[in-house]
file query.pdb (PDB, C-alpha atoms)
ATOM      1  CA  MET A 218      21.945 -17.523  31.518
ATOM      2  CA  GLU A 219      21.748 -14.065  29.911
ATOM      3  CA  THR A 220      23.836 -15.272  26.976
ATOM      4  CA  SER A 221      21.540 -18.226  26.359
ATOM      5  CA  LYS A 222      18.482 -15.935  26.423
ATOM      6  CA  GLU A 223      20.104 -13.554  23.952
ATOM      7  CA  SER A 224      21.091 -16.357  21.598
ATOM      8  CA  LEU A 225      17.549 -17.769  21.756
ATOM      9  CA  SER A 226      15.914 -14.397  20.984
ATOM     10  CA  ALA A 227      18.341 -13.873  18.102
ATOM     11  CA  ARG A 228      16.867 -16.922  16.385
ATOM     12  CA  PHE A 229      13.400 -15.402  16.056
ATOM     13  CA  ALA A 230      11.735 -12.341  14.538
ATOM     14  CA  SER A 231      11.963  -8.886  16.068
ATOM     15  CA  VAL A 232       8.512  -7.979  17.393
ATOM     16  CA  TYR A 233       7.124  -4.479  17.940
ATOM     17  CA  GLY A 234       3.764  -3.159  19.128
ATOM     18  CA  SER A 235       0.884  -4.657  21.062
ATOM     19  CA  PRO A 236      -1.571  -7.000  19.293
ATOM     20  CA  GLY A 237      -5.276  -6.627  20.009
ATOM     21  CA  GLU A 238      -4.954  -3.262  21.743
ATOM     22  CA  ALA A 239      -7.011  -1.312  19.200
ATOM     23  CA  PRO A 240     -10.080  -3.601  19.208
ATOM     24  CA  ARG A 241     -10.081  -3.720  23.002
ATOM     25  CA  VAL A 242     -10.043   0.073  23.354
ATOM     26  CA  LEU A 243     -12.423   0.714  20.465
ATOM     27  CA  GLY A 244     -14.678  -2.067  21.703
ATOM     28  CA  LEU A 245     -15.104  -0.406  25.079
ATOM     29  CA  LEU A 246     -15.774   3.000  23.512
ATOM     30  CA  ARG A 247     -18.199   1.789  20.861
ATOM     31  CA  ALA A 248     -19.989  -0.738  23.036
ATOM     32  CA  PHE A 249     -20.688   1.468  26.031
ATOM     33  CA  TRP A 250     -21.112   4.987  24.632
ATOM     34  CA  PRO A 251     -24.890   4.648  25.315
ATOM     35  CA  LEU A 252     -24.023   4.875  29.023
ATOM     36  CA  LEU A 253     -23.238   8.548  28.435
ATOM     37  CA  VAL A 254     -26.769   9.071  27.130
ATOM     38  CA  ILE A 255     -28.188   7.242  30.161
ATOM     39  CA  CYS A 256     -26.139   9.403  32.544
ATOM     40  CA  LEU A 257     -27.307  12.594  30.824
ATOM     41  CA  ALA A 258     -30.937  11.480  30.976
ATOM     42  CA  THR A 259     -30.602  10.588  34.672
ATOM     43  CA  GLY A 260     -28.973  13.932  35.382
ATOM     44  CA  TYR A 261     -31.827  15.749  33.628
ATOM     45  CA  LEU A 262     -34.420  13.908  35.706
ATOM     46  CA  LEU A 263     -32.625  14.674  38.956
ATOM     47  CA  ARG A 264     -32.295  18.322  37.969
ATOM     48  CA  ALA A 265     -35.997  18.420  37.077
ATOM     49  CA  TRP A 266     -36.907  17.119  40.528
ATOM     50  CA  PHE A 267     -34.451  18.994  42.753
ATOM     51  CA  PRO A 268     -34.585  21.525  44.302
ATOM     52  CA  HIS A 269     -37.797  22.822  42.729
ATOM     53  CA  PRO A 270     -39.763  20.013  41.071
ATOM     54  CA  ALA A 271     -40.574  20.730  37.432
ATOM     55  CA  LEU A 272     -42.177  17.297  37.027
ATOM     56  CA  THR A 273     -44.692  15.422  39.119
ATOM     57  CA  VAL A 274     -43.707  12.322  41.085
ATOM     58  CA  SER A 275     -45.611  10.173  38.590
ATOM     59  CA  GLN A 276     -43.855  11.724  35.613
ATOM     60  CA  VAL A 277     -40.428  11.287  37.199
ATOM     61  CA  GLY A 278     -41.251   7.671  38.102
ATOM     62  CA  VAL A 279     -42.346   6.832  34.558
ATOM     63  CA  LEU A 280     -39.283   8.514  33.065
ATOM     64  CA  PHE A 281     -36.940   6.719  35.479
ATOM     65  CA  PHE A 282     -38.584   3.423  34.504
ATOM     66  CA  LEU A 283     -38.055   4.185  30.803
ATOM     67  CA  VAL A 284     -34.436   5.132  31.463
ATOM     68  CA  ALA A 285     -33.883   1.884  33.390
ATOM     69  CA  VAL A 286     -35.399  -0.225  30.585
ATOM     70  CA  SER A 287     -33.349   1.648  27.978
ATOM     71  CA  ALA A 288     -30.205   1.159  30.065
ATOM     72  CA  ALA A 289     -30.803  -2.607  30.289
ATOM     73  CA  ILE A 290     -31.344  -2.911  26.527
ATOM     74  CA  LEU A 291     -28.352  -0.747  25.621
ATOM     75  CA  LEU A 292     -26.063  -2.532  28.068
ATOM     76  CA  ALA A 293     -27.048  -5.932  26.655
ATOM     77  CA  TRP A 294     -26.442  -4.608  23.123
ATOM     78  CA  GLY A 295     -23.108  -3.129  24.212
ATOM     79  CA  ASP A 296     -22.058  -6.373  25.863
ATOM     80  CA  ARG A 297     -22.609  -8.282  22.608
ATOM     81  CA  ARG A 298     -20.615  -5.693  20.641
ATOM     82  CA  LEU A 299     -17.809  -5.795  23.181
ATOM     83  CA  GLY A 300     -17.718  -9.583  22.894
ATOM     84  CA  ASN A 301     -17.166  -9.283  19.136
ATOM     85  CA  PHE A 302     -14.320  -6.805  19.621
ATOM     86  CA  LEU A 303     -12.674  -8.971  22.283
ATOM     87  CA  LYS A 304     -12.907 -11.981  20.010
ATOM     88  CA  GLY A 305     -11.134  -9.964  17.326
ATOM     89  CA  ALA A 306      -8.437  -9.005  19.843
ATOM     90  CA  GLN A 307      -7.928 -12.659  20.765
ATOM     91  CA  GLY A 308      -7.503 -13.495  17.081
ATOM     92  CA  GLU A 309      -4.814 -10.824  16.685
ATOM     93  CA  GLU A 310      -3.007 -12.128  19.771
ATOM     94  CA  TRP A 311      -3.047 -15.684  18.409
ATOM     95  CA  VAL A 312      -1.592 -14.557  15.090
ATOM     96  CA  ALA A 313       1.026 -12.418  16.866
ATOM     97  CA  ARG A 314       2.217 -15.462  18.820
ATOM     98  CA  GLU A 315       2.615 -17.429  15.594
ATOM     99  CA  LEU A 316       4.479 -14.573  13.910
ATOM    100  CA  ALA A 317       6.892 -14.246  16.830
ATOM    101  CA  PHE A 318       8.410 -17.606  15.833
ATOM    102  CA  LEU A 319       9.370 -16.464  12.340
ATOM    103  CA  SER A 320      13.098 -16.525  11.660
ATOM    104  CA  SER A 321      15.377 -13.669  12.715
ATOM    105  CA  ASP A 322      15.389 -12.112   9.235
ATOM    106  CA  HIS A 323      11.767 -11.007   9.845
ATOM    107  CA  ALA A 324      10.359  -8.023  11.737
ATOM    108  CA  VAL A 325       6.771  -8.054  13.004
ATOM    109  CA  PHE A 326       4.774  -4.922  13.792
ATOM    110  CA  ASN A 327       1.479  -5.446  15.653
ATOM    111  CA  GLY A 328      -1.345  -2.933  16.113
ATOM    112  CA  LEU A 329       0.471  -0.210  14.198
ATOM    113  CA  ARG A 330      -1.109   3.068  13.136
ATOM    114  CA  LEU A 331       0.877   5.321  10.820
ATOM    115  CA  GLY A 332       1.223   8.954  11.837
ATOM    116  CA  GLY A 333      -1.831  10.807  10.544
ATOM    117  CA  GLY A 334      -3.150   7.634   8.914
ATOM    118  CA  LYS A 335      -6.693   6.273   9.025
ATOM    119  CA  GLN A 336      -5.955   2.556   9.080
ATOM    120  CA  ASN A 337      -5.143   0.372  12.054
ATOM    121  CA  PHE A 338      -2.772  -2.359  10.899
ATOM    122  CA  ASP A 339      -3.315  -5.681  12.647
ATOM    123  CA  HIS A 340       0.115  -6.914  11.541
ATOM    124  CA  ILE A 341       2.873  -5.775   9.199
ATOM    125  CA  ILE A 342       5.600  -8.310   8.510
ATOM    126  CA  VAL A 343       8.860  -7.389   6.806
ATOM    127  CA  GLY A 344      10.927 -10.340   5.615
ATOM    128  CA  PRO A 345      12.987 -11.721   2.731
ATOM    129  CA  ALA A 346       9.839 -12.337   0.653
ATOM    130  CA  GLY A 347       8.678  -8.716   0.975
ATOM    131  CA  VAL A 348       6.340  -6.657   3.118
ATOM    132  CA  PHE A 349       3.037  -8.220   4.158
ATOM    133  CA  VAL A 350      -0.033  -6.452   5.505
ATOM    134  CA  VAL A 351      -2.109  -9.021   7.402
ATOM    135  CA  GLU A 352      -5.720  -8.406   8.408
ATOM    136  CA  THR A 353      -6.981 -10.965  10.938
ATOM    137  CA  LYS A 354     -10.607 -12.079  11.255
ATOM    138  CA  ASN A 355     -11.691 -14.386  14.068
ATOM    139  CA  TRP A 356     -15.081 -15.368  12.674
ATOM    140  CA  ARG A 357     -17.285 -18.374  13.289
ATOM    141  CA  GLY A 358     -19.120 -20.144  10.487
ATOM    142  CA  SER A 359     -18.051 -20.016   6.864
ATOM    143  CA  VAL A 360     -17.327 -17.439   4.205
ATOM    144  CA  GLU A 361     -17.567 -17.630   0.439
ATOM    145  CA  PHE A 362     -16.446 -15.483  -2.460
ATOM    146  CA  ARG A 363     -18.570 -14.493  -5.433
ATOM    147  CA  GLY A 364     -17.661 -11.917  -8.034
ATOM    148  CA  GLY A 365     -14.579 -10.883  -6.091
ATOM    149  CA  LYS A 366     -16.639 -10.120  -2.973
ATOM    150  CA  LEU A 367     -16.719 -11.830   0.407
ATOM    151  CA  TYR A 368     -19.962 -13.106   1.906
ATOM    152  CA  ALA A 369     -20.394 -14.318   5.480
ATOM    153  CA  GLY A 370     -23.635 -16.132   6.213
ATOM    154  CA  GLY A 371     -24.806 -15.232   2.718
ATOM    155  CA  LYS A 372     -24.406 -11.483   3.340
ATOM    156  CA  GLU A 373     -21.696  -8.996   2.495
ATOM    157  CA  PRO A 374     -20.253  -7.510   5.746
ATOM    158  CA  SER A 375     -20.829  -3.823   6.439
ATOM    159  CA  ARG A 376     -17.040  -3.420   6.503
ATOM    160  CA  PRO A 377     -15.821  -5.709   3.694
ATOM    161  CA  PRO A 378     -12.462  -7.124   4.840
ATOM    162  CA  LEU A 379     -11.096  -7.300   1.289
ATOM    163  CA  LYS A 380     -11.562  -3.538   0.924
ATOM    164  CA  GLN A 381     -10.210  -3.069   4.438
ATOM    165  CA  VAL A 382      -6.885  -4.781   3.765
ATOM    166  CA  LYS A 383      -6.525  -3.100   0.355
ATOM    167  CA  ALA A 384      -7.042   0.315   1.950
ATOM    168  CA  ALA A 385      -4.372  -0.535   4.519
ATOM    169  CA  VAL A 386      -1.940  -1.556   1.774
ATOM    170  CA  ALA A 387      -2.609   1.668  -0.151
ATOM    171  CA  GLU A 388      -1.849   3.716   2.975
ATOM    172  CA  LEU A 389       1.382   1.815   3.607
ATOM    173  CA  VAL A 390       2.442   2.258  -0.031
ATOM    174  CA  ASP A 391       2.016   6.026   0.274
ATOM    175  CA  PHE A 392       3.912   6.043   3.576
ATOM    176  CA  LEU A 393       6.877   4.110   2.165
ATOM    177  CA  ASP A 394       6.881   6.195  -1.027
ATOM    178  CA  ASP A 395       7.229   9.340   1.060
ATOM    179  CA  ALA A 396      10.039   7.678   3.031
ATOM    180  CA  GLY A 397      11.938   6.746  -0.133
ATOM    181  CA  ALA A 398      11.304   3.016   0.269
ATOM    182  CA  GLY A 399       8.558   2.674  -2.321
ATOM    183  CA  ALA A 400      10.401  -0.076  -4.202
ATOM    184  CA  ALA A 401       9.565  -2.634  -1.513
ATOM    185  CA  PRO A 402       7.012  -5.223  -2.713
ATOM    186  CA  ILE A 403       3.892  -5.146  -0.532
ATOM    187  CA  HIS A 404       1.416  -8.030  -0.327
ATOM    188  CA  SER A 405      -2.066  -8.077   1.197
ATOM    189  CA  VAL A 406      -3.165 -11.056   3.296
ATOM    190  CA  LEU A 407      -6.553 -11.780   4.853
ATOM    191  CA  CYS A 408      -6.183 -14.394   7.602
ATOM    192  CA  PHE A 409      -9.193 -16.237   9.060
ATOM    193  CA  LEU A 410      -9.283 -18.087  12.366
ATOM    194  CA  GLY A 411     -11.974 -20.639  13.156
ATOM    195  CA  THR A 412     -13.659 -19.962   9.821
ATOM    196  CA  LYS A 413     -14.519 -22.425   7.075
ATOM    197  CA  LEU A 414     -12.972 -21.313   3.761
ATOM    198  CA  PRO A 415     -13.492 -22.764   0.272
ATOM    199  CA  GLU A 416      -9.704 -23.444   0.196
ATOM    200  CA  ASP A 417      -6.945 -23.237   2.779
ATOM    201  CA  VAL A 418      -5.061 -20.678   0.652
ATOM    202  CA  MET A 419      -6.561 -18.715  -2.234
ATOM    203  CA  ASN A 420      -6.153 -15.490  -4.177
ATOM    204  CA  VAL A 421      -9.159 -13.177  -4.357
ATOM    205  CA  ASN A 422      -8.670 -10.021  -6.445
ATOM    206  CA  GLY A 423      -5.005  -9.816  -5.539
ATOM    207  CA  VAL A 424      -5.521 -10.527  -1.835
ATOM    208  CA  VAL A 425      -4.139 -13.769  -0.407
ATOM    209  CA  VAL A 426      -6.857 -15.350   1.758
ATOM    210  CA  CYS A 427      -5.749 -18.121   4.094
ATOM    211  CA  LYS A 428      -6.456 -20.029   7.266
ATOM    212  CA  GLY A 429      -4.433 -19.114  10.317
ATOM    213  CA  GLU A 430      -2.595 -22.432  10.192
ATOM    214  CA  LYS A 431      -1.247 -21.541   6.729
ATOM    215  CA  LEU A 432      -0.209 -17.950   7.474
ATOM    216  CA  VAL A 433       3.473 -18.578   8.244
ATOM    217  CA  GLU A 434       3.740 -20.668   5.088
ATOM    218  CA  VAL A 435       2.268 -17.800   3.040
ATOM    219  CA  LEU A 436       4.693 -15.282   4.541
ATOM    220  CA  GLN A 437       7.661 -17.412   3.535
ATOM    221  CA  GLU A 438       6.503 -17.749  -0.056
ATOM    222  CA  THR A 439       8.572 -15.810  -2.584
ATOM    223  CA  PHE A 440       6.000 -13.947  -4.683
ATOM    224  CA  ASP A 441       8.562 -11.747  -6.423
ATOM    225  CA  GLU A 442      12.291 -11.370  -6.383
ATOM    226  CA  PRO A 443      13.459 -11.451  -2.742
ATOM    227  CA  ILE A 444      13.638  -7.977  -1.246
ATOM    228  CA  ALA A 445      17.172  -6.585  -0.921
ATOM    229  CA  GLU A 446      18.476  -6.609   2.639
ATOM    230  CA  SER A 447      19.272  -2.894   2.546
ATOM    231  CA  LEU A 448      15.720  -2.057   1.442
ATOM    232  CA  ARG A 449      14.300  -4.393   4.068
ATOM    233  CA  ASP A 450      16.304  -2.657   6.782
ATOM    234  CA  GLN A 451      15.114   0.737   5.513
ATOM    235  CA  VAL A 452      11.457  -0.313   5.714
ATOM    236  CA  ILE A 453      11.983  -1.692   9.232
ATOM    237  CA  ASP A 454      13.681   1.537  10.333
ATOM    238  CA  GLU A 455      10.814   3.665   9.013
ATOM    239  CA  LEU A 456       8.214   1.546  10.806
ATOM    240  CA  ARG A 457      10.241   1.530  14.006
ATOM    241  CA  LYS A 458      10.182   5.311  13.990
ATOM    242  CA  ILE A 459       6.388   5.123  14.281
ATOM    243  CA  ILE A 460       6.637   2.845  17.329
ATOM    244  CA  GLU A 461       9.358   4.894  18.987
TER     245      GLU A 461
END

call {"tool": "encode", "arguments": {"input": "query.pdb", "output": "structure tokens"}}
result
Amino acid sequence: METSKESLSARFASVYGSPGEAPRVLGLLRAFWPLLVICLATGYLLRAWFPHPALTVSQVGVLFFLVAVSAAILLAWGDRRLGNFLKGAQGEEWVARELAFLSSDHAVFNGLRLGGGKQNFDHIIVGPAGVFVVETKNWRGSVEFRGGKLYAGGKEPSRPPLKQVKAAVAELVDFLDDAGAGAAPIHSVLCFLGTKLPEDVMNVNGVVVCKGEKLVEVLQETFDEPIAESLRDQVIDELRKIIE
């Protein structure tokens, strides 16, 4: 039984990291930080009332009412933000499952953050066709591209995903240069789930934009000369050091 399991796992990509972890943690922190403000305000009111009242009963009552209303509004706002982060985490998990079925000559790194780096990498895939940095977006509706920029619902997002994935690639390039593996070709991919795109696969300012269903196909495309196996192993080793 053990032998059959080992032979089965040897057929598929090596997978490292935990997909969706970053958006879940950041979502909780960013969505519910207002609770800290509410707790501080409540503490102030209690301190103002006990043991020697500095405020009248009416003043404390009004302030408690305002705090309660503010808490309800902020919690509703936080719940919506958390929902967006969790949806992003679900998108990363879906992509990670698809990537796990790549052939054994691939290595997949999920939710990676380079030591001292600023970027959180949704997915880094190292395979025969090169190194791919994949940014996943689980967005409803449709997106369009004008003048090399992305627009969702007719507006440019506050965090443009094209710039986001390019910044991640730049950070990875610097990391591999420092590690002596700078010759590895690195490609940027923006993957959309549940989103209407003008085309299933397209190139926007050097970034490959695709639907989730086309991602594996994109990763197996040979954009340049295939990466040498020795260089591929070196890149994998350097990224594994981050995980370990």

call {"tool": "residues_around", "arguments": {"input": "query.pdb", "residues": "Thr412 in chain A", "least_positions_apart": "2", "cutoff": "6 Å", "atoms": "only C-alpha atoms", "output": "PyMOL selection string"}}
result
chain A and resi 356-359+409-410

call {"tool": "closest_residue", "arguments": {"input": "query.pdb", "among": "A:Ser405, A:Leu432, A:Lys354, A:Pro236", "to": "Lys304 in chain A", "atoms": "all atoms listed in the file"}}
result
A:Lys354

call {"tool": "axis_aligned_box", "arguments": {"input": "query.pdb", "around": "range 372-378 of chain A", "padding_each_side": "4 Å", "output": "AutoDock Vina command-line options"}}
result
--center_x -18.4 --center_y -7.5 --center_z 4.5 --size_x 19.9 --size_y 16.1 --size_z 12.0

call {"tool": "residues_around", "arguments": {"input": "query.pdb", "residues": "range 372-385 of chain A", "least_positions_apart": "3", "cutoff": "9 Å", "atoms": "all atoms listed in the file", "output": "PDB file with C-alpha atoms, in the frame of the given file"}}
result
ATOM      1  CA  LYS A 335      -6.693   6.273   9.025  1.00  0.00           C
ATOM      2  CA  GLN A 336      -5.955   2.556   9.080  1.00  0.00           C
ATOM      3  CA  ASN A 337      -5.143   0.372  12.054  1.00  0.00           C
ATOM      4  CA  PHE A 338      -2.772  -2.359  10.899  1.00  0.00           C
ATOM      5  CA  VAL A 350      -0.033  -6.452   5.505  1.00  0.00           C
ATOM      6  CA  VAL A 351      -2.109  -9.021   7.402  1.00  0.00           C
ATOM      7  CA  GLU A 352      -5.720  -8.406   8.408  1.00  0.00           C
ATOM      8  CA  LYS A 354     -10.607 -12.079  11.255  1.00  0.00           C
ATOM      9  CA  GLY A 365     -14.579 -10.883  -6.091  1.00  0.00           C
ATOM     10  CA  LYS A 366     -16.639 -10.120  -2.973  1.00  0.00           C
ATOM     11  CA  LEU A 367     -16.719 -11.830   0.407  1.00  0.00           C
ATOM     12  CA  TYR A 368     -19.962 -13.106   1.906  1.00  0.00           C
ATOM     13  CA  ALA A 369     -20.394 -14.318   5.480  1.00  0.00           C
ATOM     14  CA  GLU A 388      -1.849   3.716   2.975  1.00  0.00           C
ATOM     15  CA  LEU A 389       1.382   1.815   3.607  1.00  0.00           C
ATOM     16  CA  VAL A 390       2.442   2.258  -0.031  1.00  0.00           C
ATOM     17  CA  SER A 405      -2.066  -8.077   1.197  1.00  0.00           C
ATOM     18  CA  VAL A 406      -3.165 -11.056   3.296  1.00  0.00           C
ATOM     19  CA  LEU A 407      -6.553 -11.780   4.853  1.00  0.00           C
ATOM     20  CA  VAL A 421      -9.159 -13.177  -4.357  1.00  0.00           C
ATOM     21  CA  ASN A 422      -8.670 -10.021  -6.445  1.00  0.00           C
ATOM     22  CA  VAL A 424      -5.521 -10.527  -1.835  1.00  0.00           C
TER      23      VAL A 424
END

call {"tool": "atom_distance", "arguments": {"input": "query.pdb", "atom1": "CA of Val348 in chain A", "atom2": "CA of His323 in chain A"}}
result
9.7 Å

call {"tool": "residues_around", "arguments": {"input": "query.pdb", "residues": "Leu316 in chain A", "least_positions_apart": "2", "cutoff": "9 Å", "atoms": "all atoms listed in the file", "output": "list in words"}}
result
Ala230, Val232, Trp311, Val312, Ala313, Arg314, Phe318, Leu319, Val325, Ile342, Leu432 and Val433 of chain A

call {"tool": "atom_distance", "arguments": {"input": "query.pdb", "atom1": "CA of Gly308 in chain A", "atom2": "CA of Asp339 in chain A"}}
result
9.9 Å

call {"tool": "atom_distance", "arguments": {"input": "query.pdb", "atom1": "CA of Glu461 in chain A", "atom2": "CA of Gly333 in chain A"}}
result
15.2 Å

call {"tool": "resolve_selection", "arguments": {"input": "query.pdb", "expression": "the PyMOL selection byres ((chain A and resi 418) around 7)", "output": "PyMOL selection string"}}
result
chain A and resi 416-417+419+426-428

call {"tool": "closest_residue", "arguments": {"input": "query.pdb", "among": "A:Gly334, A:Gly397, A:Pro402, A:Gly429", "to": "Asn355 in chain A", "atoms": "all atoms listed in the file"}}
result
A:Gly429

call {"tool": "closest_residue", "arguments": {"input": "query.pdb", "among": "A:Val360, A:Ala445, A:Ala396, A:Leu456", "to": "Asp322 in chain A", "atoms": "all atoms listed in the file"}}
result
A:Ala445

call {"tool": "resolve_selection", "arguments": {"input": "query.pdb", "expression": "the PyMOL selection byres ((chain A and resi 438) around 12)", "output": "list in words"}}
result
Gly344, Pro345, Ala346, Gly347, Val348, Phe349, His404, Val418, Val425, Lys431, Leu432, Val433, Glu434, Val435, Leu436, Gln437, Thr439, Phe440, Asp441, Glu442 and Pro443 of chain A

call {"tool": "closest_residue", "arguments": {"input": "query.pdb", "among": "A:Ala401, A:Ser320, A:Glu361, A:Phe229", "to": "Ser447 in chain A", "atoms": "all atoms listed in the file"}}
result
A:Ala401

call {"tool": "closest_residue", "arguments": {"input": "query.pdb", "among": "A:Arg449, A:Lys413, A:Arg457, A:His340", "to": "Ala317 in chain A", "atoms": "only C-alpha atoms"}}
result
A:His340

call {"tool": "closest_residue", "arguments": {"input": "query.pdb", "among": "A:Val452, A:Cys408, A:Gly332, A:Ala324", "to": "Arg228 in chain A", "atoms": "only C-alpha atoms"}}
result
A:Ala324
